[in-house]
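Structure data (mmCIF, C-alpha atoms and all ligand atoms) from query.cif:
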data_coords
loop_
_atom_site.label_atom_id
_atom_site.label_comp_id
_atom_site.auth_asym_id
_atom_site.auth_seq_id
_atom_site.Cartn_x
_atom_site.Cartn_y
_atom_site.Cartn_z
CA MET T 15 1.70 -64.28 31.72
CA PRO T 16 4.50 -63.68 34.25
CA ARG T 17 6.83 -66.60 34.65
CA THR T 18 6.87 -68.25 38.11
CA LEU T 19 10.32 -68.62 39.60
CA ASP T 20 11.33 -72.12 40.55
CA ARG T 21 12.62 -72.88 44.06
CA ARG T 22 16.26 -72.87 42.97
CA GLU T 23 15.89 -69.38 41.43
CA ILE T 24 14.19 -68.04 44.54
CA ILE T 25 17.00 -69.33 46.71
CA ARG T 26 19.58 -67.84 44.35
CA LEU T 27 17.94 -64.37 44.36
CA GLY T 28 17.19 -64.39 48.07
CA GLY T 29 20.61 -65.80 48.71
CA THR T 30 22.27 -62.91 46.90
CA ALA T 31 20.40 -60.33 48.96
CA LEU T 32 20.97 -62.25 52.17
CA GLY T 33 24.60 -62.71 51.32
CA LEU T 34 25.08 -58.97 50.94
CA ALA T 35 23.29 -58.23 54.17
CA THR T 36 25.45 -60.76 55.98
CA VAL T 37 28.72 -59.57 54.54
CA MET T 38 27.98 -55.85 54.95
CA PRO T 39 25.88 -55.19 58.05
CA ARG T 40 24.70 -51.59 58.06
CA ARG T 41 26.59 -50.57 61.15
CA LEU T 42 29.88 -51.70 59.64
CA LEU T 43 29.52 -49.57 56.52
CA GLY T 44 31.76 -46.56 57.04
CA ARG T 45 29.43 -44.30 55.15
CA ALA T 46 25.82 -43.70 56.14
CA PRO T 47 23.55 -45.17 53.47
CA ALA T 48 21.77 -42.70 51.24
CA VAL T 49 18.03 -43.07 51.09
CA HIS T 50 17.97 -42.55 47.38
CA THR T 51 20.05 -43.07 44.34
CA GLY T 52 19.17 -42.02 40.83
CA SER T 53 17.51 -38.81 39.78
CA VAL T 54 17.70 -35.62 41.79
CA LYS T 55 14.95 -33.02 41.64
CA PRO T 56 16.32 -29.69 42.86
CA ALA T 57 14.12 -28.03 45.47
CA VAL T 58 14.07 -25.40 48.17
CA VAL T 59 11.71 -25.77 51.14
CA ALA T 60 11.13 -23.22 53.88
CA SER T 61 8.76 -22.07 56.55
CA ARG T 62 5.87 -20.04 55.15
CA ASN T 63 7.71 -16.70 55.49
CA GLY T 64 10.07 -17.98 52.78
CA LEU T 65 7.46 -16.81 50.31
CA ARG T 66 6.57 -13.44 51.80
CA SER T 67 9.38 -10.86 52.17
CA ARG T 68 10.80 -9.64 48.85
CA ASP T 69 14.10 -8.07 47.82
CA THR T 70 14.30 -4.93 45.68
CA ALA T 71 14.03 -7.09 42.53
CA GLY T 72 10.80 -8.63 43.89
CA ALA T 73 12.24 -12.08 44.67
CA THR T 74 11.24 -14.03 47.76
CA CYS T 75 13.58 -16.22 49.80
CA VAL T 76 12.67 -19.53 48.14
CA GLU T 77 12.72 -18.05 44.61
CA LYS T 78 16.08 -16.40 45.08
CA ALA T 79 17.59 -19.49 46.70
CA PHE T 80 16.23 -21.77 43.97
CA ALA T 81 17.50 -19.51 41.16
CA LEU T 82 21.00 -19.46 42.66
CA LEU T 83 20.97 -23.14 43.61
CA THR T 84 20.13 -24.20 40.07
CA GLY T 85 22.84 -21.88 38.71
CA GLU T 86 26.48 -22.04 39.61
CA SER T 87 26.14 -20.95 43.23
CA ASP T 88 27.43 -22.82 46.23
CA PRO T 89 24.33 -24.47 47.81
CA LEU T 90 24.66 -22.78 51.19
CA ASP T 91 25.41 -19.37 49.64
CA ALA T 92 22.19 -19.75 47.64
CA LEU T 93 20.07 -20.41 50.74
CA LEU T 94 21.74 -17.63 52.71
CA ALA T 95 21.00 -15.13 49.95
CA GLY T 96 17.37 -16.21 50.30
CA VAL T 97 17.05 -15.96 54.09
CA ASN T 98 18.96 -12.65 54.12
CA ILE T 99 15.90 -11.14 52.39
CA VAL T 100 13.78 -12.11 55.39
CA GLU T 101 16.41 -11.12 57.98
CA ARG T 102 16.66 -7.64 56.45
CA ASP T 103 12.90 -7.14 56.14
CA PRO T 104 11.73 -4.79 58.94
CA GLU T 105 8.20 -6.14 58.52
CA ASP T 106 9.10 -9.70 59.54
CA SER T 107 9.13 -9.41 63.31
CA SER T 108 10.39 -12.95 63.92
CA VAL T 109 13.75 -12.80 62.19
CA GLY T 110 16.77 -10.46 62.05
CA TYR T 111 16.22 -6.70 61.87
CA GLY T 112 12.92 -5.76 63.53
CA GLY T 113 12.60 -9.14 65.27
CA LEU T 114 10.61 -8.99 68.52
CA PRO T 115 13.08 -8.26 71.34
CA ASN T 116 13.73 -10.00 74.65
CA ALA T 117 12.15 -8.99 77.97
CA ASP T 118 14.65 -6.10 78.28
CA GLY T 119 13.73 -4.78 74.83
CA VAL T 120 16.97 -6.01 73.21
CA VAL T 121 16.87 -7.96 69.93
CA GLN T 122 18.94 -11.14 70.40
CA LEU T 123 19.33 -13.38 67.36
CA ASP T 124 20.08 -17.10 66.89
CA SER T 125 21.10 -18.92 63.73
CA CYS T 126 22.90 -21.96 62.39
CA CYS T 127 23.72 -23.37 58.99
CA MET T 128 25.04 -26.67 57.59
CA HIS T 129 26.84 -27.32 54.31
CA GLY T 130 26.23 -30.90 53.17
CA PRO T 131 29.12 -31.51 50.76
CA LYS T 132 31.72 -29.73 52.92
CA ARG T 133 30.41 -31.35 56.13
CA ARG T 134 30.73 -27.94 57.79
CA ALA T 135 28.43 -26.23 60.21
CA GLY T 136 28.32 -23.07 62.29
CA GLY T 137 26.03 -21.21 64.62
CA VAL T 138 25.63 -18.10 66.74
CA ALA T 139 23.30 -17.52 69.68
CA ALA T 140 22.11 -14.45 71.56
CA LEU T 141 23.90 -12.27 69.03
CA GLU T 142 23.06 -8.56 69.18
CA GLY T 143 23.56 -5.83 66.59
CA VAL T 144 23.92 -7.81 63.33
CA ARG T 145 20.95 -7.94 60.97
CA THR T 146 22.07 -11.16 59.28
CA PRO T 147 23.09 -13.67 61.99
CA SER T 148 22.98 -16.44 59.36
CA LEU T 149 26.03 -14.92 57.67
CA VAL T 150 27.86 -14.80 61.00
CA ALA T 151 26.93 -18.49 61.48
CA GLN T 152 28.46 -19.19 58.06
CA ALA T 153 31.61 -17.30 59.10
CA VAL T 154 31.85 -19.53 62.20
CA ALA T 155 31.68 -22.57 59.90
CA ASP T 156 34.16 -21.21 57.36
CA HIS T 157 36.70 -19.41 59.52
CA THR T 158 36.87 -21.26 62.84
CA ASP T 159 37.31 -24.78 64.06
CA HIS T 160 34.11 -24.40 66.12
CA HIS T 161 30.38 -24.82 65.69
CA LEU T 162 28.83 -22.29 68.06
CA ILE T 163 29.77 -18.84 69.40
CA VAL T 164 27.42 -16.98 71.74
CA GLY T 165 26.51 -13.63 73.27
CA ASP T 166 28.93 -10.69 73.41
CA ASP T 167 31.68 -12.87 72.06
CA ALA T 168 29.58 -13.73 69.01
CA GLN T 169 29.27 -10.00 68.40
CA ARG T 170 33.00 -9.54 68.93
CA PHE T 171 33.63 -12.34 66.43
CA ALA T 172 31.26 -10.70 63.94
CA ARG T 173 33.04 -7.36 64.32
CA THR T 174 36.38 -9.04 63.71
CA MET T 175 34.95 -10.63 60.57
CA GLY T 176 33.95 -7.19 59.29
CA PHE T 177 30.19 -7.23 59.96
CA GLU T 178 28.49 -3.92 60.66
CA ILE T 179 27.38 -3.76 64.30
CA GLU T 180 24.33 -1.63 65.07
CA ASP T 181 23.29 -0.32 68.48
CA ASP T 182 19.71 -1.46 68.16
CA LEU T 183 17.88 -3.78 65.77
CA ASN T 184 14.41 -2.72 66.92
CA THR T 185 12.07 -1.06 64.48
CA GLU T 186 9.33 1.30 65.58
CA LYS T 187 6.90 -1.63 65.34
CA SER T 188 8.94 -4.11 67.41
CA ARG T 189 9.57 -1.46 70.08
CA ARG T 190 5.89 -0.49 70.22
CA LEU T 191 4.85 -4.13 70.69
CA TRP T 192 7.46 -4.64 73.39
CA LEU T 193 6.23 -1.55 75.27
CA GLU T 194 2.67 -2.85 75.10
CA TRP T 195 3.78 -6.22 76.45
CA LYS T 196 5.73 -4.48 79.26
CA ARG T 197 2.67 -2.46 80.17
CA ARG T 198 0.53 -5.60 80.37
CA SER T 199 2.97 -7.66 82.38
CA ASP T 200 4.31 -4.98 84.71
CA PRO T 201 6.99 -6.83 86.73
CA ARG T 202 6.31 -4.75 89.88
CA HIS T 203 3.03 -6.61 90.29
CA TYR T 204 4.65 -10.04 90.03
CA PRO T 205 7.67 -10.07 92.33
CA ASP T 206 8.41 -13.81 92.27
CA PRO T 207 9.96 -15.16 89.07
CA GLU T 208 7.40 -17.91 88.49
CA SER T 209 4.28 -15.78 88.62
CA ARG T 210 6.11 -13.09 86.64
CA ALA T 211 6.91 -15.59 83.89
CA LEU T 212 3.31 -16.78 83.86
CA ALA T 213 1.95 -13.23 83.67
CA GLN T 214 4.38 -12.40 80.89
CA HIS T 215 3.45 -15.49 78.90
CA ARG T 216 -0.26 -14.73 79.36
CA ALA T 217 0.27 -11.15 78.21
CA GLY T 218 2.01 -12.45 75.07
CA LEU T 219 -0.74 -14.95 74.28
CA ALA T 220 -3.42 -12.31 74.88
CA MET T 221 -1.67 -10.03 72.38
CA VAL T 222 -1.66 -12.89 69.87
CA ALA T 223 -5.36 -13.56 70.54
CA GLU T 224 -6.19 -9.87 70.05
CA GLY T 225 -4.39 -9.85 66.73
CA LEU T 226 -1.64 -7.44 67.87
CA ILE T 227 0.91 -10.10 66.96
CA ASP T 228 0.54 -12.69 64.27
CA PRO T 229 0.87 -16.13 66.00
CA GLU T 230 3.72 -16.96 63.66
CA HIS T 231 5.66 -14.03 65.06
CA TYR T 232 5.26 -14.74 68.76
CA TYR T 233 7.45 -17.67 68.08
CA GLY T 234 8.61 -17.32 64.46
CA THR T 235 11.74 -18.13 62.52
CA ILE T 236 12.80 -19.02 59.03
CA ASN T 237 14.22 -22.42 58.19
CA CYS T 238 15.28 -23.00 54.58
CA ASN T 239 16.73 -26.20 53.11
CA GLY T 240 17.83 -26.85 49.55
CA LEU T 241 18.99 -29.55 47.15
CA SER T 242 20.93 -28.52 44.04
CA PRO T 243 20.70 -30.32 40.67
CA ARG T 244 24.14 -31.74 41.51
CA GLY T 245 22.66 -33.42 44.60
CA GLU T 246 24.21 -31.00 47.12
CA LEU T 247 22.20 -30.42 50.29
CA ALA T 248 22.41 -27.47 52.68
CA GLY T 249 20.24 -25.75 55.26
CA VAL T 250 19.95 -22.65 57.42
CA THR T 251 17.74 -21.51 60.31
CA THR T 252 17.61 -17.96 61.62
CA THR T 253 15.41 -16.24 64.22
CA SER T 254 14.89 -13.61 66.86
CA GLY T 255 13.49 -16.47 68.95
CA LEU T 256 10.61 -16.39 71.36
CA ALA T 257 9.17 -12.90 71.77
CA TRP T 258 10.17 -11.26 75.08
CA LYS T 259 12.24 -14.21 76.18
CA ILE T 260 14.38 -14.04 79.32
CA PRO T 261 17.57 -12.28 78.18
CA GLY T 262 20.10 -14.88 77.13
CA ARG T 263 17.45 -17.55 76.45
CA VAL T 264 18.52 -19.61 73.45
CA GLY T 265 16.01 -21.76 71.62
CA ASP T 266 16.42 -24.60 69.17
CA SER T 267 17.26 -22.52 66.10
CA PRO T 268 21.07 -22.25 66.49
CA ILE T 269 21.52 -25.77 67.84
CA LEU T 270 22.69 -28.39 65.35
CA GLY T 271 20.33 -31.35 65.43
CA ALA T 272 17.50 -29.24 66.87
CA GLY T 273 16.78 -26.18 64.72
CA LEU T 274 18.48 -27.77 61.73
CA TYR T 275 20.19 -30.93 60.60
CA VAL T 276 21.68 -31.80 57.23
CA ASP T 277 23.22 -35.12 56.25
CA ALA T 278 24.81 -34.88 52.80
CA ALA T 279 23.71 -38.39 51.83
CA VAL T 280 20.26 -38.47 53.39
CA GLY T 281 18.45 -35.16 53.64
CA ALA T 282 17.78 -32.01 55.62
CA ALA T 283 15.25 -30.94 58.23
CA GLY T 284 14.70 -27.76 60.19
CA SER T 285 12.05 -26.35 62.43
CA THR T 286 9.96 -23.45 63.64
CA GLY T 287 7.74 -23.28 66.71
CA ARG T 288 8.25 -24.00 70.39
CA GLY T 289 12.01 -24.32 70.62
CA GLU T 290 12.02 -25.95 74.05
CA ALA T 291 9.96 -28.91 72.77
CA ASN T 292 12.38 -29.38 69.92
CA LEU T 293 15.54 -28.91 71.99
CA PHE T 294 14.47 -31.67 74.34
CA HIS T 295 14.33 -34.13 71.41
CA LEU T 296 16.94 -32.86 68.94
CA ALA T 297 14.12 -33.50 66.57
CA SER T 298 15.66 -32.31 63.28
CA PHE T 299 18.35 -34.94 63.77
CA LEU T 300 15.62 -37.45 64.55
CA VAL T 301 13.81 -36.59 61.30
CA VAL T 302 16.97 -37.12 59.25
CA GLU T 303 17.69 -40.40 61.05
CA GLU T 304 14.16 -41.60 60.25
CA MET T 305 14.84 -40.84 56.59
CA ARG T 306 18.14 -42.69 56.80
CA ARG T 307 16.16 -45.73 57.90
CA GLY T 308 14.07 -45.34 54.76
CA ALA T 309 11.12 -43.20 55.86
CA ALA T 310 9.63 -40.71 53.40
CA PRO T 311 9.98 -37.03 54.46
CA LYS T 312 6.37 -36.79 55.65
CA ASP T 313 6.55 -39.96 57.76
CA ALA T 314 9.95 -38.99 59.16
CA GLY T 315 8.59 -35.60 60.25
CA LEU T 316 5.45 -37.06 61.77
CA ALA T 317 7.50 -39.60 63.71
CA ALA T 318 9.43 -36.73 65.32
CA LEU T 319 6.22 -34.87 66.18
CA GLU T 320 4.78 -38.03 67.72
CA ARG T 321 7.89 -38.35 69.88
CA VAL T 322 7.52 -34.74 71.03
CA ALA T 323 3.81 -35.25 71.76
CA ALA T 324 4.47 -38.44 73.74
CA ASN T 325 6.93 -36.58 75.97
CA THR T 326 4.69 -33.57 76.53
CA VAL T 327 3.26 -34.36 79.95
CA GLU T 328 3.26 -31.09 81.86
CA LYS T 329 -0.25 -29.75 82.29
CA ARG T 330 0.73 -26.17 81.41
CA LEU T 331 1.77 -27.40 77.96
CA LEU T 332 -1.42 -29.33 77.22
CA ASN T 333 -4.73 -28.12 75.81
CA SER T 334 -8.20 -29.13 76.96
CA ARG T 335 -7.94 -32.33 74.87
CA GLY T 336 -4.74 -33.29 76.69
CA LEU T 337 -2.67 -32.68 73.55
CA PRO T 338 0.35 -30.38 73.15
CA ALA T 339 -1.00 -26.82 73.12
CA PHE T 340 1.94 -25.39 71.17
CA GLY T 341 2.86 -25.24 67.52
CA LEU T 342 5.92 -26.99 66.11
CA SER T 343 6.73 -27.58 62.44
CA PHE T 344 9.44 -29.32 60.44
CA TYR T 345 10.45 -28.65 56.84
CA VAL T 346 11.91 -31.81 55.39
CA LEU T 347 13.77 -32.54 52.17
CA ASN T 348 15.48 -35.77 51.16
CA ALA T 349 18.47 -36.34 48.91
CA HIS T 350 16.17 -37.11 46.00
CA GLY T 351 14.21 -33.84 46.20
CA GLU T 352 11.09 -35.25 47.85
CA HIS T 353 9.82 -32.91 50.53
CA ALA T 354 7.17 -32.37 53.18
CA GLY T 355 6.11 -29.87 55.78
CA VAL T 356 4.72 -31.37 58.98
CA SER T 357 3.25 -29.60 61.97
CA MET T 358 1.54 -30.27 65.27
CA TYR T 359 -1.56 -28.40 63.99
CA SER T 360 -2.57 -27.26 60.54
CA SER T 361 -0.08 -24.92 58.88
CA SER T 362 1.65 -24.41 55.55
CA TYR T 363 5.13 -24.16 54.07
CA ALA T 364 6.91 -22.58 51.13
CA VAL T 365 8.52 -24.52 48.29
CA CYS T 366 10.28 -23.66 45.07
CA THR T 367 10.97 -26.27 42.42
CA GLU T 368 11.18 -26.28 38.64
CA ASN T 369 7.40 -25.68 38.80
CA GLY T 370 7.92 -22.34 40.53
CA PRO T 371 7.17 -21.14 44.06
CA GLU T 372 4.12 -22.28 45.99
CA ILE T 373 2.63 -22.53 49.45
CA LEU T 374 1.61 -26.07 50.36
CA PRO T 375 -0.33 -27.35 53.37
CA THR T 376 1.68 -29.17 55.99
CA GLU T 377 0.68 -32.62 57.18
CA ALA T 378 -0.74 -31.97 60.66
CA LEU T 379 -0.44 -34.46 63.50
CA TYR T 380 -3.66 -33.18 65.11
CA ASP T 381 -6.82 -31.37 63.99
CA GLY T 382 -7.40 -27.87 65.27
CA GLN T 383 -5.13 -24.97 66.06
CA SER T 384 -2.17 -24.46 68.37
CA GLU T 385 -2.68 -22.17 71.35
CA GLY T 386 0.73 -20.51 71.45
N1 LIG O 1 11.94 -22.07 67.45
C1 LIG O 1 12.22 -20.69 67.74
C2 LIG O 1 12.65 -20.58 69.17
O1 LIG O 1 12.13 -21.29 70.00
C3 LIG O 1 11.08 -19.79 67.55
C4 LIG O 1 10.19 -20.13 66.42
O2 LIG O 1 10.54 -20.82 65.53
O3 LIG O 1 9.06 -19.70 66.40
O4 LIG O 1 13.45 -19.72 69.45
#

Please lay out the structure from this file as structure tokens.
Ligand code: ASP
Amino acid sequence: MPRTLDRREIIRLGGTALGLATVMPRRLLGRAPAVHTGSVKPAVVASRNGLRSRDTAGATCVEKAFALLTGESDPLDALLAGVNIVERDPEDSSVGYGGLPNADGVVQLDSCCMHGPKRRAGGVAALEGVRTPSLVAQAVADHTDHHLIVGDDAQRFARTMGFEIEDDLNTEKSRRLWLEWKRRSDPRHYPDPESRALAQHRAGLAMVAEGLIDPEHYYGTINCNGLSPRGELAGVTTTSGLAWKIPGRVGDSPILGAGLYVDAAVGAAGSTGRGEANLFHLASFLVVEEMRRGAAPKDAGLAALERVAANTVEKRLLNSRGLPAFGLSFYVLNAHGEHAGVSMYSSSYAVCTENGPEILPTEALYDGQSEG
């Protein structure tokens, strides 16, 4: 039978805990508290396309990243080797080479990465001509004192760093889809910018509804986060962004705190889906902060989605139930190796652990499907 503590013992135990809390209030600790101590289960989590494209040896993003991460590789190098498979795949029309272009038919890419142990981060936005923007983002982190370089100057930086610059990253497929979208949303019929934007958005959604574009690729990105057996966290997000965006439009993907956030002691989170909803909330940062306060990955992710939903008030963004009409997902991993995928509506995510690669369902905030 368990022994009951007497009053003096209770005061002593409680007193110890209270004493600590009084002497070391959280905000005065120089270092952010880790959510977990003890065992570390290495893991790689990614959006679903992390388990689709394959390299010449047949490996997918999450498998390649996990194999390298559990070997001797630097954690960020491991993840980059994984997402490079997707960036180079002409069939993935949401990332890198063959990504769906902007309204002018030009492929503009966004990416950022964070290295937990080194506390380094880098990003590029609206970069043209480089198939692997994630590697240019890493070069920003490693070779500059900055975190974000954009547009023509990002390309100039990439050239200086020795990246191959191509004239056009369209494939036959991405160009064909863009031409179809142009035909449907002929700008001559919609002279004012607002009705033009509406017509263009409708044309895009109609193409999704008709199955010409997979909904994942209208928006569409890859986020990939990993934890090594040594407890090192890193993350990367890379995308061609919203299909047929206004030239120069930058979404959440290359923005630290929005498309990705990694805290070496706490965890990592990154996103895919409607970038504007995420940018408004810096929601990847929010997810990591929820974990810092002790939330499990799933609860941390859902808390961020709830915040986004609560602030979605414009009618054009709501469905007939008055809920956000768009999709938004977070891929969350804590410093212990626990993970979750969460999404506004039902979806799935890719994982690789010691048990091998798998696709798991996300925890959805709402029943039903997103509408774009
Ligand atoms: N979040 C990306 C963007 O808004 C697109 C996506 O993930 O689908 O650019």

Could you please extract the residues within 10 Å of ligand LIG 1 (chain O), counting all atoms listed in the file, and hand them back as a CSV table (one decimal) with C-alpha atoms, in the coordinates of the input?
chain,number,residue,atom,x,y,z
T,61,SER,CA,8.8,-22.1,56.6
T,108,SER,CA,10.4,-13.0,63.9
T,109,VAL,CA,13.8,-12.8,62.2
T,123,LEU,CA,19.3,-13.4,67.4
T,124,ASP,CA,20.1,-17.1,66.9
T,125,SER,CA,21.1,-18.9,63.7
T,229,PRO,CA,0.9,-16.1,66.0
T,230,GLU,CA,3.7,-17.0,63.7
T,231,HIS,CA,5.7,-14.0,65.1
T,232,TYR,CA,5.3,-14.7,68.8
T,233,TYR,CA,7.4,-17.7,68.1
T,234,GLY,CA,8.6,-17.3,64.5
T,235,THR,CA,11.7,-18.1,62.5
T,236,ILE,CA,12.8,-19.0,59.0
T,237,ASN,CA,14.2,-22.4,58.2
T,251,THR,CA,17.7,-21.5,60.3
T,252,THR,CA,17.6,-18.0,61.6
T,253,THR,CA,15.4,-16.2,64.2
T,254,SER,CA,14.9,-13.6,66.9
T,255,GLY,CA,13.5,-16.5,69.0
T,256,LEU,CA,10.6,-16.4,71.4
T,257,ALA,CA,9.2,-12.9,71.8
T,259,LYS,CA,12.2,-14.2,76.2
T,263,ARG,CA,17.4,-17.6,76.4
T,264,VAL,CA,18.5,-19.6,73.4
T,265,GLY,CA,16.0,-21.8,71.6
T,266,ASP,CA,16.4,-24.6,69.2
T,267,SER,CA,17.3,-22.5,66.1
T,268,PRO,CA,21.1,-22.2,66.5
T,272,ALA,CA,17.5,-29.2,66.9
T,273,GLY,CA,16.8,-26.2,64.7
T,284,GLY,CA,14.7,-27.8,60.2
T,285,SER,CA,12.0,-26.4,62.4
T,286,THR,CA,10.0,-23.4,63.6
T,287,GLY,CA,7.7,-23.3,66.7
T,288,ARG,CA,8.2,-24.0,70.4
T,289,GLY,CA,12.0,-24.3,70.6
T,290,GLU,CA,12.0,-26.0,74.0
T,291,ALA,CA,10.0,-28.9,72.8
T,292,ASN,CA,12.4,-29.4,69.9
T,293,LEU,CA,15.5,-28.9,72.0
T,341,GLY,CA,2.9,-25.2,67.5
T,342,LEU,CA,5.9,-27.0,66.1
T,343,SER,CA,6.7,-27.6,62.4
T,344,PHE,CA,9.4,-29.3,60.4
T,386,GLY,CA,0.7,-20.5,71.4

- Task: Provide the atom CA of T:Leu374 to atom CA of T:Asp103 distance in Å, to one decimal place.
- Result: 22.8 Å

- Message: Within 12 Å of (-5.8, -31.9, 64.0) in the file's own coordinates, which protein, DNA or RNA residues have an atom, counting all atoms listed in the file? List them as number ranges by chain.
- Response: T: 335, 337-339, 341, 356-361, 376-384

- Query: At what distance in Å, to one decimal, does atom CA of T:Phe294 lie from atom CA of T:Ser362?
  - Reply: 23.9 Å

- Message: Taking 4 positions as the minimum chain separation for residues in the same chain, which residues sit within 9 Å of T:Val144 when counting only C-alpha atoms? Answer as a PyMOL selection string.
- Response: chain T and resi 110-111+123+150+169+172+177-180+183

- Query: What is the atom CA of T:Arg189-atom CA of T:Gln214 distance in Å, reported with one decimal?
  - Reply: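 Atom CA of T:Gln214 lies at a distance of 16.2 Å from atom CA of T:Arg189.
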
- Can you work out which one of T:Leu300, T:Arg134, T:Tyr345, T:His295 has the shortest atom-to-atom distance to T:Thr326, counting all atoms listed in the file?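 Closest residue, counting all atoms listed in the file: T:His295.
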
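Here the question is which of T:Ser107, T:Thr84, T:Asn239, T:Asn98 gets nearest to T:Thr146 using only C-alpha atoms, and that residue is T:Asn98.
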
- Message: Calculated over all atoms listed in the file, which of the candidates T:Cys75, T:Leu65, T:Leu226, T:Leu141 has the smallest distance to T:Glu101?
- Response: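 Under the stated criterion, the closest residue is T:Cys75.
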
- Query: Pick from T:His160, T:His129, T:Arg216, T:Arg321: nearest to T:Gly281, with all atoms listed in the file counted?
  - Reply: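 For T:Gly281, the nearest of the candidates is T:His129.
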
- Item | Non-local contacts of T:Trp258 (7 Å; all atoms listed in the file; under 2 positions in same chain excluded) as a list of chain:residue names | T:Leu114, T:Pro115, T:Asn116, T:Ala117, T:Leu256, T:Ile260

- Residue with smallest distance to T:Pro89 - pool T:Leu247, T:Val120, T:Met175, T:Ala318, counting only C-alpha atoms: T:Leu247

- Note on the structure: Shortest contact to T:Leu241, candidates T:Ser53, T:Asn348, T:Asn325, T:Thr174, atoms counted all atoms listed in the file, goes to T:Asn348

- Query: Can you find the residues with an atom no farther than 8 Å from (10.5, -1.0, 58.1), counting all atoms listed in the file, and report them as a list in words?
  - Reply: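 Neighbouring residues, ordered by chain and number, come to Asp103, Pro104, Glu105, Gly112, Thr185 and Glu186 of chain T.
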